[in-house]
Amino acid sequence: MLKVNIEEVNERLRDKSPQEIAAWAISVSNNPIVTTNFRPYEGAILHLTTKISPKLKVVWCDTGYNTPNTYRHVKELNELLSLNMFVYVPKLTSGYRDALMGVPDVESDNHTLFTQQVKLEPFMRAMNELQPDLWFTNLRKGQTAFRDNIDIVSVDKKGILKVSPFYYWSDEELDAYLLENGVPNEFKYFDPTKVLENRECGLHS
């Protein structure tokens with residue numbers, strides 16, 4: 001577990017660039033990872049972190065319910081950035097689950113079980129197997145009420161340091177970053193565990 005003064009380090013990093021923030025994080029960690037779901041703007045955090053650390057472990061928990069466009073986006077980014085991918089999938093296939101419960105509505109009693117099966121269990125399995133001490137995310141201020149109350153650097157429930165280099169960046173700034181670096185974006189993403197953009201799925205809250 002990395003020991004840092006969260007308030008002090010956030011104050012120090014507040015005016016730093018995402019590149020400087022990511023470089024600092026890499027320098028203080030022994031086993032960093034970056035997680036992604038390949039939603040809009042994920043290309044930015046993947047480009048930023050793997051440019052500094054090309055062999056950085058990239059963790060993708062594929063729910064099995066991504067859109068065809070998202071799967072094509074995964075392939076495109078993987079080829080462009082030569083990602084060191086660690087893919088985790090649910091223990092049950094989507095076909096089996098669909099036959100038993102389908103994709104439940106967020107108000108359904110089955111939705112909690114669905115989220116646990118397709119997202120939370122694969123994610124926890126990844127974290128238990130890889131044992132990271134630092135976790136890069138693309139969380140940004142303004143996305144949800146929870147995310148408004150964290151900062152560039154925070155600590156998750158298991159004590160893992162979470163670093164969000166683009167925390168204070170707007171969509172427009174990320175658009176410019178992707179354009180400047182020739183990284184494609186993805187806008188046809190859909191997450192059945194969240195449905196609404198301002199709803200947390202349980203990984204971060």
# chains A, B, ... in the order shown; residues from 1 in each chain; ligands from 1

call {"tool": "closest_atom_pairs", "arguments": {"of": "stretch 69-116 of chain A", "to": "stretch 187-193 of chain A", "cutoff": "12 Å", "atoms": "only C-alpha atoms", "output": "tab-separated table"}}
result
residue	atom	partner	partner_atom	distance
A:Asn69	CA	A:Lys188	CA	6.4
A:Thr70	CA	A:Tyr189	CA	5.9
A:Tyr71	CA	A:Tyr189	CA	9.5
A:Arg72	CA	A:Lys188	CA	10.8
A:His73	CA	A:Tyr189	CA	9.7
A:Val74	CA	A:Tyr189	CA	11.2
A:Gly102	CA	A:Pro192	CA	10.9
A:Val103	CA	A:Pro192	CA	7.2
A:Pro104	CA	A:Pro192	CA	8.4
A:Asp105	CA	A:Pro192	CA	8.4
A:Val106	CA	A:Thr193	CA	7.4
A:Glu107	CA	A:Thr193	CA	11.1
A:Ser108	CA	A:Thr193	CA	11.6
A:Asn110	CA	A:Thr193	CA	11.1
A:His111	CA	A:Thr193	CA	7.5
A:Thr112	CA	A:Thr193	CA	8.5
A:Leu113	CA	A:Thr193	CA	10.1
A:Phe114	CA	A:Thr193	CA	7.5
A:Thr115	CA	A:Thr193	CA	5.5
A:Gln116	CA	A:Thr193	CA	9.1

call {"tool": "residues_around", "arguments": {"residues": "stretch 1-8 of chain A", "least_positions_apart": "6", "cutoff": "10 Å", "atoms": "only C-alpha atoms", "output": "number ranges by chain"}}
result
A: 28-30, 131-134, 151-155, 158-161

call {"tool": "residues_around", "arguments": {"residues": "A:Thr49", "least_positions_apart": "3", "cutoff": "12 Å", "atoms": "only C-alpha atoms", "output": "PyMOL selection string"}}
result
chain A and resi 18-26+32-36+42-46+52-58+81+83-84+135-138+163-166

call {"tool": "residues_around", "arguments": {"residues": "A:Leu178", "least_positions_apart": "2", "cutoff": "12 Å", "atoms": "only C-alpha atoms", "output": "list in words"}}
result
Pro40, Tyr41, Glu42, Gly43, Ala44, Ile45, Leu46, His47, Leu48, Leu77, Asp171, Glu172, Glu173, Leu174, Asp175, Ala176, Glu180, Asn181, Gly182, Val183, Pro184, Asn185 and Glu186 of chain A

call {"tool": "write_last_selection", "arguments": {"atoms": "N, CA and C atoms", "output": "compact mmCIF listing (two decimals), in the first residue's frame"}}
result
# COMPACT_ATOMS: atom_id res chain seq x y z
N PRO A 40 -16.44 6.66 -24.13
CA PRO A 40 -15.90 7.91 -24.67
C PRO A 40 -14.75 8.47 -23.83
N TYR A 41 -13.72 8.91 -24.51
CA TYR A 41 -12.53 9.56 -23.95
C TYR A 41 -11.57 8.63 -23.23
N GLU A 42 -11.84 7.33 -23.25
CA GLU A 42 -10.89 6.40 -22.63
C GLU A 42 -9.57 6.35 -23.38
N GLY A 43 -9.61 6.67 -24.67
CA GLY A 43 -8.38 6.70 -25.45
C GLY A 43 -7.37 7.67 -24.89
N ALA A 44 -7.85 8.73 -24.24
CA ALA A 44 -6.94 9.74 -23.69
C ALA A 44 -6.11 9.17 -22.54
N ILE A 45 -6.75 8.50 -21.58
CA ILE A 45 -6.01 7.97 -20.44
C ILE A 45 -5.11 6.82 -20.87
N LEU A 46 -5.55 6.05 -21.86
CA LEU A 46 -4.72 4.95 -22.35
C LEU A 46 -3.50 5.47 -23.09
N HIS A 47 -3.68 6.49 -23.91
CA HIS A 47 -2.55 7.09 -24.62
C HIS A 47 -1.58 7.73 -23.65
N LEU A 48 -2.11 8.51 -22.71
CA LEU A 48 -1.28 9.23 -21.75
C LEU A 48 -0.41 8.29 -20.93
N LEU A 77 -7.84 0.73 -30.81
CA LEU A 77 -6.93 1.29 -29.80
C LEU A 77 -5.83 0.30 -29.43
N ASP A 171 -14.69 18.13 -21.65
CA ASP A 171 -14.80 17.35 -22.88
C ASP A 171 -14.05 18.03 -24.02
N GLU A 172 -14.16 19.34 -24.08
CA GLU A 172 -13.52 20.08 -25.16
C GLU A 172 -11.99 19.94 -25.10
N GLU A 173 -11.45 19.97 -23.90
CA GLU A 173 -9.99 19.79 -23.76
C GLU A 173 -9.57 18.38 -24.16
N LEU A 174 -10.40 17.40 -23.81
CA LEU A 174 -10.09 16.03 -24.19
C LEU A 174 -10.24 15.82 -25.69
N ASP A 175 -11.23 16.48 -26.30
CA ASP A 175 -11.37 16.42 -27.76
C ASP A 175 -10.09 16.90 -28.43
N ALA A 176 -9.56 18.01 -27.93
CA ALA A 176 -8.34 18.58 -28.50
C ALA A 176 -7.15 17.64 -28.29
N GLU A 180 -5.04 16.05 -31.33
CA GLU A 180 -3.61 16.36 -31.41
C GLU A 180 -2.77 15.09 -31.48
N ASN A 181 -3.21 14.04 -30.78
CA ASN A 181 -2.41 12.82 -30.71
C ASN A 181 -2.90 11.70 -31.64
N GLY A 182 -3.90 12.01 -32.46
CA GLY A 182 -4.37 11.04 -33.43
C GLY A 182 -5.01 9.81 -32.82
N VAL A 183 -5.73 10.02 -31.70
CA VAL A 183 -6.37 8.90 -31.00
C VAL A 183 -7.88 8.96 -31.25
N PRO A 184 -8.48 7.87 -31.72
CA PRO A 184 -9.92 7.86 -31.99
C PRO A 184 -10.75 7.87 -30.72
N ASN A 185 -11.98 8.32 -30.86
CA ASN A 185 -12.92 8.34 -29.73
C ASN A 185 -14.07 7.38 -30.03
N GLU A 186 -14.90 7.16 -29.03
CA GLU A 186 -16.02 6.22 -29.16
C GLU A 186 -17.26 6.83 -28.52

call {"tool": "select_by_dssp", "arguments": {"residues": "stretch 45-170 of chain A", "states": "alpha helix (DSSP H)", "output": "MDAnalysis selection string"}}
result
chainID A and resid 45:52 68:81 94:100 111:115 121:130 145:148

call {"tool": "write_last_selection", "arguments": {"atoms": "N, CA and C atoms", "output": "CSV table (one decimal), in the first residue's frame"}}
result
chain,number,residue,atom,x,y,z
A,45,ILE,N,-6.8,8.5,-21.6
A,45,ILE,CA,-6.0,8.0,-20.4
A,45,ILE,C,-5.1,6.8,-20.9
A,46,LEU,N,-5.5,6.0,-21.9
A,46,LEU,CA,-4.7,4.9,-22.3
A,46,LEU,C,-3.5,5.5,-23.1
A,47,HIS,N,-3.7,6.5,-23.9
A,47,HIS,CA,-2.6,7.1,-24.6
A,47,HIS,C,-1.6,7.7,-23.6
A,48,LEU,N,-2.1,8.5,-22.7
A,48,LEU,CA,-1.3,9.2,-21.8
A,48,LEU,C,-0.4,8.3,-20.9
A,49,THR,N,-1.0,7.3,-20.3
A,49,THR,CA,-0.3,6.4,-19.4
A,49,THR,C,0.7,5.5,-20.1
A,50,THR,N,0.2,4.9,-21.2
A,50,THR,CA,1.1,3.9,-21.9
A,50,THR,C,2.2,4.6,-22.7
A,51,LYS,N,2.1,5.9,-23.0
A,51,LYS,CA,3.2,6.6,-23.6
A,51,LYS,C,4.3,6.8,-22.6
A,52,ILE,N,4.0,6.9,-21.3
A,52,ILE,CA,5.0,7.0,-20.2
A,52,ILE,C,5.5,5.7,-19.8
A,68,PRO,N,-21.3,-3.3,-30.9
A,68,PRO,CA,-20.3,-3.7,-32.0
A,68,PRO,C,-19.3,-2.6,-32.2
A,69,ASN,N,-19.7,-1.4,-32.1
A,69,ASN,CA,-18.8,-0.2,-32.4
A,69,ASN,C,-17.7,-0.2,-31.3
A,70,THR,N,-18.1,-0.5,-30.0
A,70,THR,CA,-17.2,-0.5,-28.9
A,70,THR,C,-16.1,-1.6,-29.1
A,71,TYR,N,-16.5,-2.7,-29.5
A,71,TYR,CA,-15.6,-3.8,-29.8
A,71,TYR,C,-14.6,-3.5,-30.9
A,72,ARG,N,-15.1,-2.8,-31.9
A,72,ARG,CA,-14.2,-2.4,-33.0
A,72,ARG,C,-13.2,-1.3,-32.5
A,73,HIS,N,-13.7,-0.4,-31.6
A,73,HIS,CA,-12.9,0.6,-30.9
A,73,HIS,C,-11.8,0.0,-30.1
A,74,VAL,N,-12.1,-1.1,-29.4
A,74,VAL,CA,-11.1,-1.8,-28.6
A,74,VAL,C,-10.0,-2.3,-29.5
A,75,LYS,N,-10.4,-2.9,-30.6
A,75,LYS,CA,-9.4,-3.4,-31.5
A,75,LYS,C,-8.5,-2.3,-32.1
A,76,GLU,N,-9.1,-1.2,-32.4
A,76,GLU,CA,-8.4,-0.1,-33.0
A,76,GLU,C,-7.4,0.5,-32.0
A,77,LEU,N,-7.8,0.7,-30.8
A,77,LEU,CA,-6.9,1.3,-29.8
A,77,LEU,C,-5.8,0.3,-29.4
A,78,ASN,N,-6.2,-1.0,-29.4
A,78,ASN,CA,-5.2,-2.0,-29.0
A,78,ASN,C,-4.1,-2.0,-30.1
A,79,GLU,N,-4.4,-1.9,-31.3
A,79,GLU,CA,-3.4,-1.9,-32.4
A,79,GLU,C,-2.7,-0.6,-32.4
A,80,LEU,N,-3.3,0.5,-32.2
A,80,LEU,CA,-2.7,1.8,-32.3
A,80,LEU,C,-1.7,2.0,-31.1
A,81,LEU,N,-2.0,1.6,-29.9
A,81,LEU,CA,-1.2,1.8,-28.7
A,81,LEU,C,-0.4,0.6,-28.2
A,94,SER,N,-22.9,-14.4,-21.8
A,94,SER,CA,-24.1,-13.5,-21.9
A,94,SER,C,-25.3,-14.3,-22.4
A,95,GLY,N,-25.0,-15.4,-23.3
A,95,GLY,CA,-26.1,-16.2,-23.8
A,95,GLY,C,-26.8,-16.9,-22.7
A,96,TYR,N,-26.0,-17.5,-21.8
A,96,TYR,CA,-26.6,-18.2,-20.7
A,96,TYR,C,-27.4,-17.3,-19.8
A,97,ARG,N,-26.8,-16.1,-19.5
A,97,ARG,CA,-27.5,-15.2,-18.6
A,97,ARG,C,-28.8,-14.6,-19.3
A,98,ASP,N,-28.7,-14.4,-20.6
A,98,ASP,CA,-29.8,-13.8,-21.3
A,98,ASP,C,-31.0,-14.8,-21.2
A,99,ALA,N,-30.7,-16.1,-21.3
A,99,ALA,CA,-31.8,-17.1,-21.2
A,99,ALA,C,-32.5,-17.1,-19.9
A,100,LEU,N,-31.7,-16.8,-18.8
A,100,LEU,CA,-32.3,-16.9,-17.5
A,100,LEU,C,-32.9,-15.6,-17.0
A,111,HIS,N,-31.3,-6.5,-11.1
A,111,HIS,CA,-30.3,-5.7,-11.6
A,111,HIS,C,-29.0,-5.7,-10.7
A,112,THR,N,-29.1,-5.8,-9.4
A,112,THR,CA,-28.0,-5.9,-8.6
A,112,THR,C,-27.2,-7.1,-8.9
A,113,LEU,N,-27.9,-8.3,-9.0
A,113,LEU,CA,-27.2,-9.5,-9.4
A,113,LEU,C,-26.5,-9.4,-10.7
A,114,PHE,N,-27.2,-8.8,-11.7
A,114,PHE,CA,-26.6,-8.6,-13.0
A,114,PHE,C,-25.3,-7.8,-13.0
A,115,THR,N,-25.4,-6.7,-12.3
A,115,THR,CA,-24.2,-5.9,-12.1
A,115,THR,C,-23.0,-6.6,-11.4
A,121,GLU,N,-17.8,-8.7,-10.1
A,121,GLU,CA,-17.0,-9.9,-9.8
A,121,GLU,C,-15.7,-10.0,-10.7
A,122,PRO,N,-15.8,-9.7,-12.1
A,122,PRO,CA,-14.6,-9.7,-12.9
A,122,PRO,C,-13.6,-8.7,-12.4
A,123,PHE,N,-14.1,-7.5,-12.0
A,123,PHE,CA,-13.2,-6.4,-11.6
A,123,PHE,C,-12.5,-6.8,-10.3
A,124,MET,N,-13.2,-7.4,-9.3
A,124,MET,CA,-12.6,-7.8,-8.1
A,124,MET,C,-11.6,-8.9,-8.3
A,125,ARG,N,-11.9,-9.8,-9.3
A,125,ARG,CA,-11.0,-10.9,-9.6
A,125,ARG,C,-9.7,-10.3,-10.2
A,126,ALA,N,-9.8,-9.3,-11.0
A,126,ALA,CA,-8.7,-8.7,-11.6
A,126,ALA,C,-7.8,-8.0,-10.6
A,127,MET,N,-8.4,-7.3,-9.6
A,127,MET,CA,-7.7,-6.6,-8.6
A,127,MET,C,-7.0,-7.6,-7.7
A,128,ASN,N,-7.7,-8.7,-7.4
A,128,ASN,CA,-7.1,-9.7,-6.5
A,128,ASN,C,-5.9,-10.4,-7.1
A,129,GLU,N,-6.0,-10.7,-8.4
A,129,GLU,CA,-4.9,-11.4,-9.1
A,129,GLU,C,-3.7,-10.5,-9.4
A,130,LEU,N,-4.0,-9.2,-9.8
A,130,LEU,CA,-2.9,-8.3,-10.2
A,130,LEU,C,-2.3,-7.6,-9.0
A,145,ALA,N,-22.2,12.9,-8.7
A,145,ALA,CA,-22.0,13.5,-7.4
A,145,ALA,C,-20.8,13.0,-6.6
A,146,PHE,N,-20.7,11.7,-6.7
A,146,PHE,CA,-19.5,11.0,-6.0
A,146,PHE,C,-18.2,11.6,-6.5
A,147,ARG,N,-18.1,11.6,-7.8
A,147,ARG,CA,-16.8,12.0,-8.4
A,147,ARG,C,-16.5,13.5,-8.2
A,148,ASP,N,-17.5,14.3,-7.9
A,148,ASP,CA,-17.3,15.7,-7.6
A,148,ASP,C,-16.6,15.9,-6.2

call {"tool": "decode", "arguments": {"residues": "stretch 154-169 of chain A", "atoms": "N, CA and C atoms", "output": "compact mmCIF listing (two decimals), in the first residue's frame"}}
result
# COMPACT_ATOMS: atom_id res chain seq x y z
N SER A 154 -6.95 9.92 -4.99
CA SER A 154 -7.83 9.48 -3.91
C SER A 154 -7.44 8.05 -3.55
N VAL A 155 -8.14 7.48 -2.61
CA VAL A 155 -7.84 6.11 -2.17
C VAL A 155 -9.13 5.30 -2.23
N ASP A 156 -9.06 4.09 -2.81
CA ASP A 156 -10.26 3.27 -2.90
C ASP A 156 -10.48 2.52 -1.59
N LYS A 157 -11.54 1.72 -1.56
CA LYS A 157 -11.94 1.05 -0.33
C LYS A 157 -10.91 0.05 0.19
N LYS A 158 -10.03 -0.43 -0.70
CA LYS A 158 -9.00 -1.39 -0.30
C LYS A 158 -7.65 -0.73 -0.08
N GLY A 159 -7.62 0.60 -0.12
CA GLY A 159 -6.37 1.30 0.13
C GLY A 159 -5.49 1.50 -1.08
N ILE A 160 -6.02 1.20 -2.27
CA ILE A 160 -5.25 1.40 -3.50
C ILE A 160 -5.33 2.86 -3.91
N LEU A 161 -4.19 3.43 -4.27
CA LEU A 161 -4.14 4.82 -4.70
C LEU A 161 -4.77 4.95 -6.08
N LYS A 162 -5.76 5.83 -6.22
CA LYS A 162 -6.40 6.08 -7.51
C LYS A 162 -5.94 7.43 -8.03
N VAL A 163 -5.53 7.46 -9.29
CA VAL A 163 -5.02 8.69 -9.88
C VAL A 163 -5.80 8.98 -11.16
N SER A 164 -6.36 10.18 -11.23
CA SER A 164 -7.15 10.62 -12.37
C SER A 164 -6.50 11.85 -12.98
N PRO A 165 -5.56 11.66 -13.91
CA PRO A 165 -4.78 12.80 -14.45
C PRO A 165 -5.62 13.87 -15.15
N PHE A 166 -6.77 13.48 -15.71
CA PHE A 166 -7.61 14.44 -16.44
C PHE A 166 -8.78 14.93 -15.57
N TYR A 167 -8.66 14.83 -14.27
CA TYR A 167 -9.79 15.09 -13.37
C TYR A 167 -10.45 16.45 -13.62
N TYR A 168 -9.65 17.49 -13.87
CA TYR A 168 -10.21 18.83 -14.03
C TYR A 168 -10.41 19.23 -15.50
N TRP A 169 -10.27 18.29 -16.41
CA TRP A 169 -10.39 18.62 -17.83
C TRP A 169 -11.83 18.51 -18.32
